[in-house]
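Note sheet for the following structure.
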Amino acid sequence: MKLRESGMPEEGYWESLFHVELILDRMGIDATMCDVAELGCGYGTFTLAVARRISGVIEAFDIELLMVARTLQRSREAGLGNVRAEVRDVLAEGFPGEPQTKDACLLFNILHGEEPERLLVHAARIVHPNGHVLVIHWRYDPTTPRGPSMEIRPRPEQIIEWAQETGRLRFVAPVLDLPPWHYGLRFAKTTHVNTHPTDSP
Ligand SMILES: C[S@@+](CC[C@H](N)C(=O)[O-])C[C@H]1O[C@@H](n2cnc3c(N)ncnc32)[C@H](O)[C@@H]1O
C-alpha cells in the first residue's frame, strides 16, 4: 500500500528543499559504512549521494516504478556501480534478504505514513547489531514549504517513542538540526529481546 501523503512534486523543486551533503554529514554517513538500505528512494535524491560516500552497496526500494526507474537512470548516468533499486511495498513485505546484514537503514521523509512502528521494526531487522536506523523528517512547523499535514506529521519525540516501543532501537542523542526544513534522528540497534516472535530477529 502506498503510504499516505507520500506522492512527490516535480524533481527539481523537491531537490531545492534539502542540503543533501550537509544532511549526510550530520547523519554520519561516510566511508566507514558498508551496505545500506533505503525505504522510499523517490528520485534518488539521497540514494546517489549516499552511494558516493559508502564503501558498499545501497539497496533502495520504492513502491513506484517511475521512482525506481529514475533512481537507476541517474545512478547509471553518474557511473555509480553500487546502487540497486527495486519496486517493493516495504510496509507490506519488509526488506528482502537476510536479517542483520546492513550497516544502516534510511527512513527519510516517510514516517508520517500508516504504521510507522512496523516500518521501524522492518528497518531494525535488517541492520546488524552495530548498525543504525537513520530517520529524517520535516520539522513540526506549519510554515515549511512542503511536508505532510500537521495532523499526521510526527514530532521528534513521537518517533523516538515509536522506536523505543519496538524494543530493538535506542535513540542516540541529540536531535539533529538539518536546515532549512528538517530534523534528523539516529537509532542504534539494541540487543534483541524477543517480545514479537513473528518479527524475529
Ligand atoms: C515523500 S517521498 C520521500 C522520498 C525520499 N526518501 C526522499 O526523502 O527524497 C516518499 C516515497 O516513498 C514511496 N513509498 C510510499 N509508500 C511506499 C511503500 N509502501 N513501500 C515503498 N515505498 C513507498 C513513495 O512512492 C515516495 O517515492
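Chain lettering (A, B, ...) mirrors the order of the C-alpha cells, residue numbering begins at 1 for each chain separately, and ligand numbering begins at 1 in order of display.
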
Cut-off 8 Å, only C-alpha atoms and all ligand atoms, neighbours of ligand 1 as a VMD selection string
chain A and resid 1 to 8 14 to 15 38 to 46 61 to 64 67 87 to 92 106 to 110 113 136 147

Go ahead and save the picked residues with C-alpha atoms, as an mmCIF file, in the first residue's frame.
data_model
loop_
_atom_site.group_PDB
_atom_site.id
_atom_site.type_symbol
_atom_site.label_atom_id
_atom_site.label_comp_id
_atom_site.auth_asym_id
_atom_site.auth_seq_id
_atom_site.Cartn_x
_atom_site.Cartn_y
_atom_site.Cartn_z
ATOM 1 C CA MET A 1 0.000 0.000 0.000
ATOM 2 C CA LYS A 2 1.346 3.398 -0.935
ATOM 3 C CA LEU A 3 1.757 5.379 2.264
ATOM 4 C CA ARG A 4 -0.495 8.370 2.774
ATOM 5 C CA GLU A 5 0.777 11.752 1.538
ATOM 6 C CA SER A 6 3.863 10.168 0.005
ATOM 7 C CA GLY A 7 3.418 11.466 -3.551
ATOM 8 C CA MET A 8 6.247 13.563 -4.953
ATOM 9 C CA TRP A 14 11.848 18.612 -4.329
ATOM 10 C CA GLU A 15 15.626 18.768 -4.502
ATOM 11 C CA GLU A 38 16.710 2.804 1.907
ATOM 12 C CA LEU A 39 12.941 2.761 2.132
ATOM 13 C CA GLY A 40 11.154 5.013 -0.368
ATOM 14 C CA CYS A 41 14.017 6.303 -2.512
ATOM 15 C CA GLY A 42 11.897 8.754 -4.520
ATOM 16 C CA TYR A 43 14.006 10.360 -7.246
ATOM 17 C CA GLY A 44 17.206 9.053 -5.659
ATOM 18 C CA THR A 45 17.846 12.427 -4.041
ATOM 19 C CA PHE A 46 19.738 10.799 -1.173
ATOM 20 C CA PHE A 61 13.142 0.398 -2.580
ATOM 21 C CA ASP A 62 10.106 2.309 -3.719
ATOM 22 C CA ILE A 63 6.540 1.281 -4.449
ATOM 23 C CA GLU A 64 6.510 3.470 -7.603
ATOM 24 C CA MET A 67 10.819 6.448 -8.893
ATOM 25 C CA VAL A 87 9.950 -1.893 -6.774
ATOM 26 C CA ARG A 88 8.672 -3.154 -3.457
ATOM 27 C CA ASP A 89 5.929 -2.402 -0.964
ATOM 28 C CA VAL A 90 8.123 -2.266 2.091
ATOM 29 C CA LEU A 91 5.247 -1.736 4.507
ATOM 30 C CA ALA A 92 3.592 -4.977 3.413
ATOM 31 C CA LEU A 106 17.383 5.069 5.876
ATOM 32 C CA LEU A 107 13.811 6.146 6.589
ATOM 33 C CA PHE A 108 13.799 9.617 5.054
ATOM 34 C CA ASN A 109 10.567 11.636 4.930
ATOM 35 C CA ILE A 110 8.430 8.546 5.318
ATOM 36 C CA GLY A 113 2.639 7.125 6.801
ATOM 37 C CA ILE A 136 14.934 12.467 8.757
ATOM 38 C CA GLY A 147 5.627 18.257 4.106
#

Within 12 Å of Glu98 in chain A using only C-alpha atoms, minus same-chain residues under 3 positions, as a short mmCIF file (atom, residue, chain, number, x, y, z; two decimals) with C-alpha atoms, in the first residue's frame:
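In the end it all went to out_13.cif:
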data_model
loop_
_atom_site.label_atom_id
_atom_site.label_comp_id
_atom_site.auth_asym_id
_atom_site.auth_seq_id
_atom_site.Cartn_x
_atom_site.Cartn_y
_atom_site.Cartn_z
CA GLY A 94 9.51 -5.64 4.69
CA PHE A 95 13.02 -5.56 3.27
CA THR A 101 23.19 -7.54 7.03
CA LYS A 102 23.16 -3.72 6.70
CA HIS A 122 11.38 -3.81 9.38
CA ARG A 125 15.50 -6.28 11.42
CA ILE A 126 17.94 -5.76 8.57
CA VAL A 127 20.60 -3.74 10.38
CA HIS A 128 23.32 -5.66 12.13
CA SER A 200 12.36 -12.07 14.81
CA PRO A 201 15.24 -11.46 14.87
#

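Counting only C-alpha atoms and comparing A:Cys105, A:Arg170, A:Trp181, A:Arg74, the residue that lies closest to Pro142 in chain A is A:Trp181.
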
Strand (DSSP E or B) positions in range 28-171 of chain A, given as a ChimeraX atom specification
/A:36-39,58-62,83-87,102-108,127-138,169-171

Contacts of Lys189 in chain A at 7 Å (only C-alpha atoms; same-chain gap of 4+ positions) as a list of chain:residue names:
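Contacts, with the query itself left out: A:Ala124, A:Pro129, A:Asn130, A:Gly131, A:His132, A:Arg168, A:Leu169, A:Arg170.
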
Export N, CA and C atoms of the chosen residues as a PDB file, in the first residue's frame?
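Below is the file that was written, again-v1.pdb:
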ATOM      1  N   ALA A 124      14.822  -2.163  11.673  1.00  0.00           N
ATOM      2  CA  ALA A 124      15.695  -2.712  12.729  1.00  0.00           C
ATOM      3  C   ALA A 124      16.109  -4.147  12.389  1.00  0.00           C
ATOM      4  N   PRO A 129      23.975  -5.818  14.448  1.00  0.00           N
ATOM      5  CA  PRO A 129      23.957  -5.379  15.852  1.00  0.00           C
ATOM      6  C   PRO A 129      24.682  -4.063  16.130  1.00  0.00           C
ATOM      7  N   ASN A 130      25.636  -3.685  15.287  1.00  0.00           N
ATOM      8  CA  ASN A 130      26.260  -2.369  15.497  1.00  0.00           C
ATOM      9  C   ASN A 130      25.712  -1.333  14.522  1.00  0.00           C
ATOM     10  N   GLY A 131      24.615  -1.677  13.857  1.00  0.00           N
ATOM     11  CA  GLY A 131      24.094  -0.796  12.810  1.00  0.00           C
ATOM     12  C   GLY A 131      23.140   0.270  13.335  1.00  0.00           C
ATOM     13  N   HIS A 132      22.699   1.115  12.407  1.00  0.00           N
ATOM     14  CA  HIS A 132      21.837   2.243  12.781  1.00  0.00           C
ATOM     15  C   HIS A 132      20.637   2.359  11.844  1.00  0.00           C
ATOM     16  N   ARG A 168      13.789  -2.647  19.947  1.00  0.00           N
ATOM     17  CA  ARG A 168      15.025  -3.006  19.217  1.00  0.00           C
ATOM     18  C   ARG A 168      15.914  -1.814  18.928  1.00  0.00           C
ATOM     19  N   LEU A 169      15.457  -0.607  19.237  1.00  0.00           N
ATOM     20  CA  LEU A 169      16.205   0.585  18.827  1.00  0.00           C
ATOM     21  C   LEU A 169      16.386   1.522  20.002  1.00  0.00           C
ATOM     22  N   ARG A 170      17.589   2.098  20.070  1.00  0.00           N
ATOM     23  CA  ARG A 170      17.904   3.049  21.137  1.00  0.00           C
ATOM     24  C   ARG A 170      18.272   4.385  20.495  1.00  0.00           C
TER      25      ARG A 170
END

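If you count only C-alpha atoms and ignore residues fewer than 3 places along the chain from Ala37 in chain A, what sits within 6 Å of it is Ile58, Glu59, Ala60 and Cys105 of chain A.
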